[in-house]
2 protein chains.
Amino acid sequence: MSDTKQRLLDGTLTTIREQGIAGVSARSIAATAGVNQALVFYHYGSIDGLLVAACESATSARVSAYSERFAAVTSLRELLDVGRSLHSEEQELGNVAVLAQLLAGSQHDEKLAKATARALRLWTGQIEEVLGRVLADSPFADVTDVPGLARALSAGFIGLELYDGVDPNGARRALAALEQLAVVMEVVDESGPVVRRAIRSTMKRKARRR
Amino acid sequence: MSDTKQRLLDGTLTTIREQGIAGVSARSIAATAGVNQALVFYHYGSIDGLLVAACESATSARVSAYSERFAAVTSLRELLDVGRSLHSEEQELGNVAVLAQLLAGSQHDEKLAKATARALRLWTGQIEEVLGRVLADSPFADVTDVPGLARALSAGFIGLELYDGVDPNGARRALAALEQLAVVMEVVDESGPVVRRAIRSTMKRKARRR
DNA sequence: GTCTATAGCTGGATAGAC
DNA sequence: GTCTATCCAGCTATAGAC
């Protein structure tokens with residue numbers, strides 16, 4: 001990967017972070033990257049092509065940075081801890097913000113949509129693997145669609161990031177509330193046989209009613 | 001409210017829906033509204049001013065459309081039902097998509113940020129009121145920050161809407177997984193004294209450990 | 001691979017006729 | 001209040017020199 005191509009990739013992410021998807025243009029990116037504007041088209045064909053490449057490059061690096069930490073998780077409690085630090089680290093780096101902007105842009109850009117879908121699948125794939133392992137013999141195992149939950153978590157983080165941009169206090173509070181709920185899950189997860197049996201039977205009754 | 005001003009408001013929402021925040025311009029909106037481009041500036045001063053006004057007008061109408069339905073809710077189960085239909089109706093109308101795009105644009109636009117924050121507060125205010133009522137004497141009452149949860153729900157719906165744009169099947173699955181979790185909450189909520197006491201004491205133990 | 005230059009278009013915003 | 005006309009900035013994309 002030549003220096004210029006890499007600078008363009010980095011410049012793209014910085015520009016998205018600092019100006020949002022609406023502030024993206026060949027000129028704004030090139031200026032951030034310290035590179036001639038025409039080189040966007042020489043190297044990536046179009047703005048869209050550059051966005052697609054940047055989306056790809058940004059995600060794969062970050063996801064693989066977490067693979068070992070995810071692999072070491074053996075309980076819901078540990079998963080919560082890793083999730084917490086993942087969230088704060090990625091938020092700090094502005095990666096969630098970038099993903100949110102790319103996702104907003106993807107709503108009306110087919111090619112970009114495919115790229116962000118791939119990027120999100122990298123994240124959800126990781127989460128899915130851990131969740132499946134951790135919930136394997138919990139009371140949630142029967143009633144939880146693990147891939148679905150992984151996707152909900154990813155979408156939730158992105159929504160929270162956007163919310164954070166207009167109401168930081170509210171977002172902090174929302175996150176805290178979710179953690180409380182997660183603790184409830186943890187409690188059920190670690191519950192003894194009495195609680196377990198009670199919950200299981202109520203779930204069955206509900207399933208019949210539906 | 002003059003006809004032209006209203007047409008501009010409607011045109012703005014349609015344009016955001018169909019072209020995203022990056023596709024918004026005085027010309028694109030005016031074309032959609034069937035109105036002269038210069039009138040954007042005559043009536044609203046700037047694009048930003050129009051976006052702010054549109055954000056306001058779109059939300060207040062929709063929120064008040066739900067106030068009676070929310071007021072009638074008396075249980076978590078009923079709240080889930082209303083939430084489900086709210087989500088599908090607003091999604092159908094494209095209102096969530098508009099809010100998501102406005103929120104993405106708000107990340108780098110202070111005035112718009114204030115407007116969307118107000119809009120979201122209208123939603124969360126409603127949800128908060130109902131949640132507080134419904135969870136009042138559930139086992140969740142002690143451990144749940146209701147305003148925080150209301151914000152998390154709003155952010156979650158927005159995240160899901162964006163996710164839906166790039167992976168509709170994944171989004172459907174994510175929503176289903178969340179509903180399953182909600183059912184678990186419902187079960188705990190309706191649980192008998194044994195389960196209740198077990199959960200409460202474990203929660204306390206956890207609280208001490210932290 | 002990188003640069004300059006430029007064509008051709010779309011953008012926000014305003015002036016001034018009606 | 002609404003329209004035309006227009007300024008000028010910024011945009012994508014390409015041609016062609018180096």
# chains A, B, ... in the order shown; residues from 1 in each chain; ligands from 1
$ residues_around --residues "segment 172-178 of chain A" --least-positions-apart "4" --cutoff "6 Å" --atoms "only C-alpha atoms (C1' of nucleotides)" --output "list in words"
Asp145, Gly148, Leu149, Arg151 and Ala152 of chain B
$ write_last_selection --atoms "C-alpha atoms" --output "JSON list (two decimals), in the first residue's frame"
[["chain", "number", "residue", "atom", "x", "y", "z"],
["B", 145, "ASP", "CA", -33.18, 4.43, 35.84],
["B", 148, "GLY", "CA", -32.06, 6.49, 31.14],
["B", 149, "LEU", "CA", -33.96, 3.50, 29.80],
["B", 151, "ARG", "CA", -33.25, 7.38, 26.15],
["B", 152, "ALA", "CA", -31.68, 4.02, 25.47]]
$ residues_around --residues "segment 10-17 of chain C" --least-positions-apart "6" --cutoff "8 Å" --atoms "only C-alpha atoms (C1' of nucleotides)" --output "ChimeraX atom specification"
/B:25-26,41 /D:10-11
$ write_last_selection --atoms "N, CA and C atoms (P, O5', C5', C4', C3', O3' and C1' of nucleotides)" --output "short mmCIF file (atom, residue, chain, number, x, y, z; two decimals), in the first residue's frame"
data_model
loop_
_atom_site.label_atom_id
_atom_site.label_comp_id
_atom_site.auth_asym_id
_atom_site.auth_seq_id
_atom_site.Cartn_x
_atom_site.Cartn_y
_atom_site.Cartn_z
N SER B 25 -30.42 20.26 -0.06
CA SER B 25 -29.96 21.57 -0.49
C SER B 25 -31.18 22.42 -0.74
N ALA B 26 -30.99 23.72 -0.78
CA ALA B 26 -32.12 24.61 -1.03
C ALA B 26 -32.80 24.22 -2.34
N PHE B 41 -34.84 30.93 1.64
CA PHE B 41 -34.11 31.95 2.41
C PHE B 41 -35.03 33.07 2.86
P DG D 10 -14.81 28.08 -0.98
"O5'" DG D 10 -15.42 26.69 -1.47
"C5'" DG D 10 -16.66 26.23 -0.95
"C4'" DG D 10 -17.12 25.09 -1.83
"C3'" DG D 10 -16.01 24.06 -2.07
"O3'" DG D 10 -16.40 22.82 -1.46
"C1'" DG D 10 -17.17 24.63 -4.09
P DC D 11 -15.59 21.53 -1.58
"O5'" DC D 11 -16.27 20.78 -2.81
"C5'" DC D 11 -17.62 20.34 -2.70
"C4'" DC D 11 -18.05 19.77 -4.04
"C3'" DC D 11 -17.07 18.78 -4.63
"O3'" DC D 11 -17.34 17.48 -4.12
"C1'" DC D 11 -17.91 20.29 -6.30
#
$ select_by_dssp --residues "segment 34-196 of chain B" --states "alpha helix (DSSP H)" --output "ChimeraX atom specification"
/B:38-44,47-71,76-93,95-106,110-134,146-166,168-189,193-196
$ closest_residue --among "B:Ser2, B:Gln37, B:Asn95, B:Thr14" --to "chain C" --atoms "only C-alpha atoms (C1' of nucleotides)"
B:Gln37
$ closest_residue --among "B:Asp48, B:Asp10, B:Asp3, B:Glu129" --to "chain C" --atoms "only C-alpha atoms (C1' of nucleotides)"
B:Asp48
$ interface_residues --of "chain C" --to "chain A" --cutoff "9 Å" --atoms "only C-alpha atoms (C1' of nucleotides)" --output "NGL selection string"
:C and (1-3)
$ closest_residue --among "B:Val187, B:Leu9, B:Ala65, B:Ala141" --to "Leu122 of chain B" --atoms "only C-alpha atoms"
B:Ala65
$ residues_around --residues "Val183 of chain A" --least-positions-apart "5" --cutoff "12 Å" --atoms "only C-alpha atoms (C1' of nucleotides)" --output "PyMOL selection string"
(chain A and resi 76-81+176-178+188-191) or (chain B and resi 140+143-144+199-200+202-207+210)
$ write_last_selection --atoms "N, CA, C and O atoms" --output "compact mmCIF listing (two decimals), in the first residue's frame"
# COMPACT_ATOMS: atom_id res chain seq x y z
N LEU A 76 -20.75 -13.89 31.38
CA LEU A 76 -21.50 -12.71 31.00
C LEU A 76 -20.87 -11.47 31.65
O LEU A 76 -20.75 -10.41 31.04
N ARG A 77 -20.46 -11.63 32.90
CA ARG A 77 -19.80 -10.54 33.62
C ARG A 77 -18.54 -10.05 32.87
O ARG A 77 -18.35 -8.87 32.62
N GLU A 78 -17.70 -11.01 32.47
CA GLU A 78 -16.49 -10.64 31.72
C GLU A 78 -16.84 -9.99 30.39
O GLU A 78 -16.20 -9.03 29.97
N LEU A 79 -17.88 -10.51 29.76
CA LEU A 79 -18.29 -9.93 28.48
C LEU A 79 -18.72 -8.49 28.66
O LEU A 79 -18.41 -7.61 27.85
N LEU A 80 -19.43 -8.24 29.74
CA LEU A 80 -19.85 -6.87 30.03
C LEU A 80 -18.63 -5.96 30.20
O LEU A 80 -18.60 -4.84 29.70
N ASP A 81 -17.61 -6.47 30.89
CA ASP A 81 -16.42 -5.67 31.11
C ASP A 81 -15.71 -5.36 29.79
O ASP A 81 -15.34 -4.21 29.53
N ALA A 176 -25.87 3.73 31.26
CA ALA A 176 -25.93 3.21 32.63
C ALA A 176 -27.18 2.36 32.83
O ALA A 176 -27.14 1.29 33.46
N ALA A 177 -28.30 2.80 32.26
CA ALA A 177 -29.54 2.04 32.40
C ALA A 177 -29.42 0.67 31.75
O ALA A 177 -29.89 -0.34 32.29
N LEU A 178 -28.77 0.63 30.59
CA LEU A 178 -28.59 -0.65 29.91
C LEU A 178 -27.70 -1.58 30.74
O LEU A 178 -27.93 -2.78 30.79
N VAL A 188 -30.17 -13.37 36.57
CA VAL A 188 -30.95 -14.51 36.10
C VAL A 188 -30.01 -15.62 35.63
O VAL A 188 -30.22 -16.80 35.90
N ASP A 189 -28.96 -15.17 34.93
CA ASP A 189 -27.99 -16.12 34.38
C ASP A 189 -27.36 -16.97 35.47
O ASP A 189 -27.13 -18.16 35.30
N GLU A 190 -27.07 -16.32 36.62
CA GLU A 190 -26.37 -17.03 37.69
C GLU A 190 -27.33 -17.58 38.74
O GLU A 190 -26.91 -17.99 39.83
N SER A 191 -28.61 -17.53 38.42
CA SER A 191 -29.60 -17.88 39.43
C SER A 191 -29.57 -19.37 39.75
O SER A 191 -29.10 -20.19 38.97
N PHE B 140 -38.03 -4.36 38.85
CA PHE B 140 -37.09 -3.48 38.17
C PHE B 140 -37.06 -2.07 38.75
O PHE B 140 -36.16 -1.30 38.49
N VAL B 143 -33.85 -1.00 40.39
CA VAL B 143 -32.58 -1.08 39.67
C VAL B 143 -32.63 -0.39 38.31
O VAL B 143 -31.69 -0.48 37.55
N THR B 144 -33.74 0.25 38.01
CA THR B 144 -33.85 0.82 36.68
C THR B 144 -33.96 2.33 36.73
O THR B 144 -34.84 2.88 37.39
N ILE B 199 -34.07 -12.67 43.23
CA ILE B 199 -33.45 -11.67 42.37
C ILE B 199 -33.03 -10.45 43.16
O ILE B 199 -31.91 -9.95 43.03
N ARG B 200 -33.92 -10.00 44.00
CA ARG B 200 -33.63 -8.81 44.78
C ARG B 200 -32.37 -8.98 45.63
O ARG B 200 -31.52 -8.10 45.68
N THR B 202 -29.89 -11.11 45.18
CA THR B 202 -28.68 -11.19 44.36
C THR B 202 -28.26 -9.81 43.87
O THR B 202 -27.07 -9.49 43.81
N MET B 203 -29.25 -9.01 43.52
CA MET B 203 -28.94 -7.66 43.06
C MET B 203 -28.23 -6.89 44.18
O MET B 203 -27.26 -6.19 43.94
N LYS B 204 -28.71 -7.06 45.37
CA LYS B 204 -28.11 -6.34 46.49
C LYS B 204 -26.67 -6.79 46.68
O LYS B 204 -25.77 -5.99 46.91
N ARG B 205 -26.48 -8.10 46.61
CA ARG B 205 -25.14 -8.63 46.77
C ARG B 205 -24.20 -8.04 45.73
O ARG B 205 -23.11 -7.60 46.03
N LYS B 206 -24.68 -7.99 44.51
CA LYS B 206 -23.88 -7.44 43.42
C LYS B 206 -23.57 -5.97 43.67
O LYS B 206 -22.46 -5.50 43.44
N ALA B 207 -24.58 -5.26 44.11
CA ALA B 207 -24.39 -3.82 44.36
C ALA B 207 -23.27 -3.60 45.37
O ALA B 207 -22.46 -2.70 45.22
N ARG B 210 -19.64 -4.06 43.93
CA ARG B 210 -19.14 -3.07 42.95
C ARG B 210 -18.37 -1.94 43.61
O ARG B 210 -18.67 -1.54 44.69
$ closest_residue --among "B:Ile16, B:Leu93, B:Val40, B:Leu162" --to "chain D" --atoms "only C-alpha atoms (C1' of nucleotides)"
B:Val40
$ atom_distance --atom1 "atom CA of Gly20 of chain B" --atom2 "atom CA of Glu90 of chain A"
25.5 Å
$ interface_residues --of "chain D" --to "chain B" --cutoff "9 Å" --atoms "only C-alpha atoms (C1' of nucleotides)" --output "count of residues only"
3
$ decode --residues "segment 53-64 of chain A" --atoms "all heavy atoms" --output "PDB file, in the first residue's frame"
ATOM      1  N   ALA A  53     -13.388   1.835   0.540  1.00  0.00           N
ATOM      2  CA  ALA A  53     -12.082   1.333   0.973  1.00  0.00           C
ATOM      3  C   ALA A  53     -11.791   1.732   2.413  1.00  0.00           C
ATOM      4  O   ALA A  53     -11.272   0.941   3.207  1.00  0.00           O
ATOM      5  CB  ALA A  53     -10.982   1.855   0.045  1.00  0.00           C
ATOM      6  N   ALA A  54     -12.135   2.978   2.751  1.00  0.00           N
ATOM      7  CA  ALA A  54     -11.854   3.468   4.107  1.00  0.00           C
ATOM      8  C   ALA A  54     -12.686   2.708   5.135  1.00  0.00           C
ATOM      9  O   ALA A  54     -12.194   2.364   6.216  1.00  0.00           O
ATOM     10  CB  ALA A  54     -12.140   4.960   4.189  1.00  0.00           C
ATOM     11  N   CYS A  55     -13.914   2.430   4.780  1.00  0.00           N
ATOM     12  CA  CYS A  55     -14.814   1.677   5.659  1.00  0.00           C
ATOM     13  C   CYS A  55     -14.214   0.312   5.959  1.00  0.00           C
ATOM     14  O   CYS A  55     -14.121  -0.114   7.111  1.00  0.00           O
ATOM     15  CB  CYS A  55     -16.169   1.542   4.964  1.00  0.00           C
ATOM     16  SG  CYS A  55     -17.362   0.564   5.868  1.00  0.00           S
ATOM     17  N   GLU A  56     -13.784  -0.342   4.915  1.00  0.00           N
ATOM     18  CA  GLU A  56     -13.157  -1.654   5.040  1.00  0.00           C
ATOM     19  C   GLU A  56     -11.929  -1.593   5.933  1.00  0.00           C
ATOM     20  O   GLU A  56     -11.794  -2.355   6.906  1.00  0.00           O
ATOM     21  CB  GLU A  56     -12.760  -2.126   3.623  1.00  0.00           C
ATOM     22  CG  GLU A  56     -11.951  -3.407   3.571  1.00  0.00           C
ATOM     23  CD  GLU A  56     -12.853  -4.613   3.788  1.00  0.00           C
ATOM     24  OE1 GLU A  56     -14.086  -4.472   3.621  1.00  0.00           O
ATOM     25  OE2 GLU A  56     -12.325  -5.669   4.125  1.00  0.00           O
ATOM     26  N   SER A  57     -11.025  -0.681   5.605  1.00  0.00           N
ATOM     27  CA  SER A  57      -9.734  -0.646   6.300  1.00  0.00           C
ATOM     28  C   SER A  57      -9.896  -0.284   7.771  1.00  0.00           C
ATOM     29  O   SER A  57      -9.199  -0.813   8.635  1.00  0.00           O
ATOM     30  CB  SER A  57      -8.792   0.336   5.611  1.00  0.00           C
ATOM     31  OG  SER A  57      -8.831   1.602   6.244  1.00  0.00           O
ATOM     32  N   ALA A  58     -10.815   0.638   8.045  1.00  0.00           N
ATOM     33  CA  ALA A  58     -10.988   1.080   9.425  1.00  0.00           C
ATOM     34  C   ALA A  58     -11.489  -0.056  10.307  1.00  0.00           C
ATOM     35  O   ALA A  58     -11.058  -0.218  11.443  1.00  0.00           O
ATOM     36  CB  ALA A  58     -11.967   2.242   9.475  1.00  0.00           C
ATOM     37  N   THR A  59     -12.398  -0.840   9.779  1.00  0.00           N
ATOM     38  CA  THR A  59     -13.035  -1.854  10.607  1.00  0.00           C
ATOM     39  C   THR A  59     -12.161  -3.057  10.863  1.00  0.00           C
ATOM     40  O   THR A  59     -12.002  -3.484  12.013  1.00  0.00           O
ATOM     41  CB  THR A  59     -14.347  -2.308   9.956  1.00  0.00           C
ATOM     42  OG1 THR A  59     -15.069  -1.163   9.546  1.00  0.00           O
ATOM     43  CG2 THR A  59     -15.161  -3.106  10.941  1.00  0.00           C
ATOM     44  N   SER A  60     -11.575  -3.602   9.788  1.00  0.00           N
ATOM     45  CA  SER A  60     -10.856  -4.865   9.971  1.00  0.00           C
ATOM     46  C   SER A  60      -9.734  -4.719  10.989  1.00  0.00           C
ATOM     47  O   SER A  60      -9.514  -5.610  11.808  1.00  0.00           O
ATOM     48  CB  SER A  60     -10.320  -5.365   8.623  1.00  0.00           C
ATOM     49  OG  SER A  60      -9.451  -4.396   8.072  1.00  0.00           O
ATOM     50  N   ALA A  61      -9.047  -3.569  10.961  1.00  0.00           N
ATOM     51  CA  ALA A  61      -7.970  -3.357  11.925  1.00  0.00           C
ATOM     52  C   ALA A  61      -8.504  -3.367  13.354  1.00  0.00           C
ATOM     53  O   ALA A  61      -7.946  -4.020  14.243  1.00  0.00           O
ATOM     54  CB  ALA A  61      -7.268  -2.033  11.641  1.00  0.00           C
ATOM     55  N   ARG A  62      -9.602  -2.650  13.581  1.00  0.00           N
ATOM     56  CA  ARG A  62     -10.131  -2.546  14.940  1.00  0.00           C
ATOM     57  C   ARG A  62     -10.708  -3.871  15.438  1.00  0.00           C
ATOM     58  O   ARG A  62     -10.537  -4.234  16.598  1.00  0.00           O
ATOM     59  CB  ARG A  62     -11.215  -1.460  15.018  1.00  0.00           C
ATOM     60  CG  ARG A  62     -10.719  -0.061  14.732  1.00  0.00           C
ATOM     61  CD  ARG A  62      -9.494   0.307  15.551  1.00  0.00           C
ATOM     62  NE  ARG A  62      -9.701   0.141  16.984  1.00  0.00           N
ATOM     63  CZ  ARG A  62      -8.732   0.096  17.887  1.00  0.00           C
ATOM     64  NH1 ARG A  62      -7.479   0.171  17.507  1.00  0.00           N
ATOM     65  NH2 ARG A  62      -8.999  -0.049  19.163  1.00  0.00           N
ATOM     66  N   VAL A  63     -11.418  -4.555  14.569  1.00  0.00           N
ATOM     67  CA  VAL A  63     -12.030  -5.813  14.998  1.00  0.00           C
ATOM     68  C   VAL A  63     -10.966  -6.815  15.415  1.00  0.00           C
ATOM     69  O   VAL A  63     -11.070  -7.451  16.469  1.00  0.00           O
ATOM     70  CB  VAL A  63     -12.912  -6.409  13.874  1.00  0.00           C
ATOM     71  CG1 VAL A  63     -13.349  -7.819  14.233  1.00  0.00           C
ATOM     72  CG2 VAL A  63     -14.134  -5.530  13.645  1.00  0.00           C
ATOM     73  N   SER A  64      -9.918  -6.907  14.614  1.00  0.00           N
ATOM     74  CA  SER A  64      -8.892  -7.897  14.957  1.00  0.00           C
ATOM     75  C   SER A  64      -8.155  -7.501  16.228  1.00  0.00           C
ATOM     76  O   SER A  64      -7.616  -8.360  16.932  1.00  0.00           O
ATOM     77  CB  SER A  64      -7.915  -8.090  13.791  1.00  0.00           C
ATOM     78  OG  SER A  64      -7.265  -6.880  13.506  1.00  0.00           O
TER      79      SER A  64
END
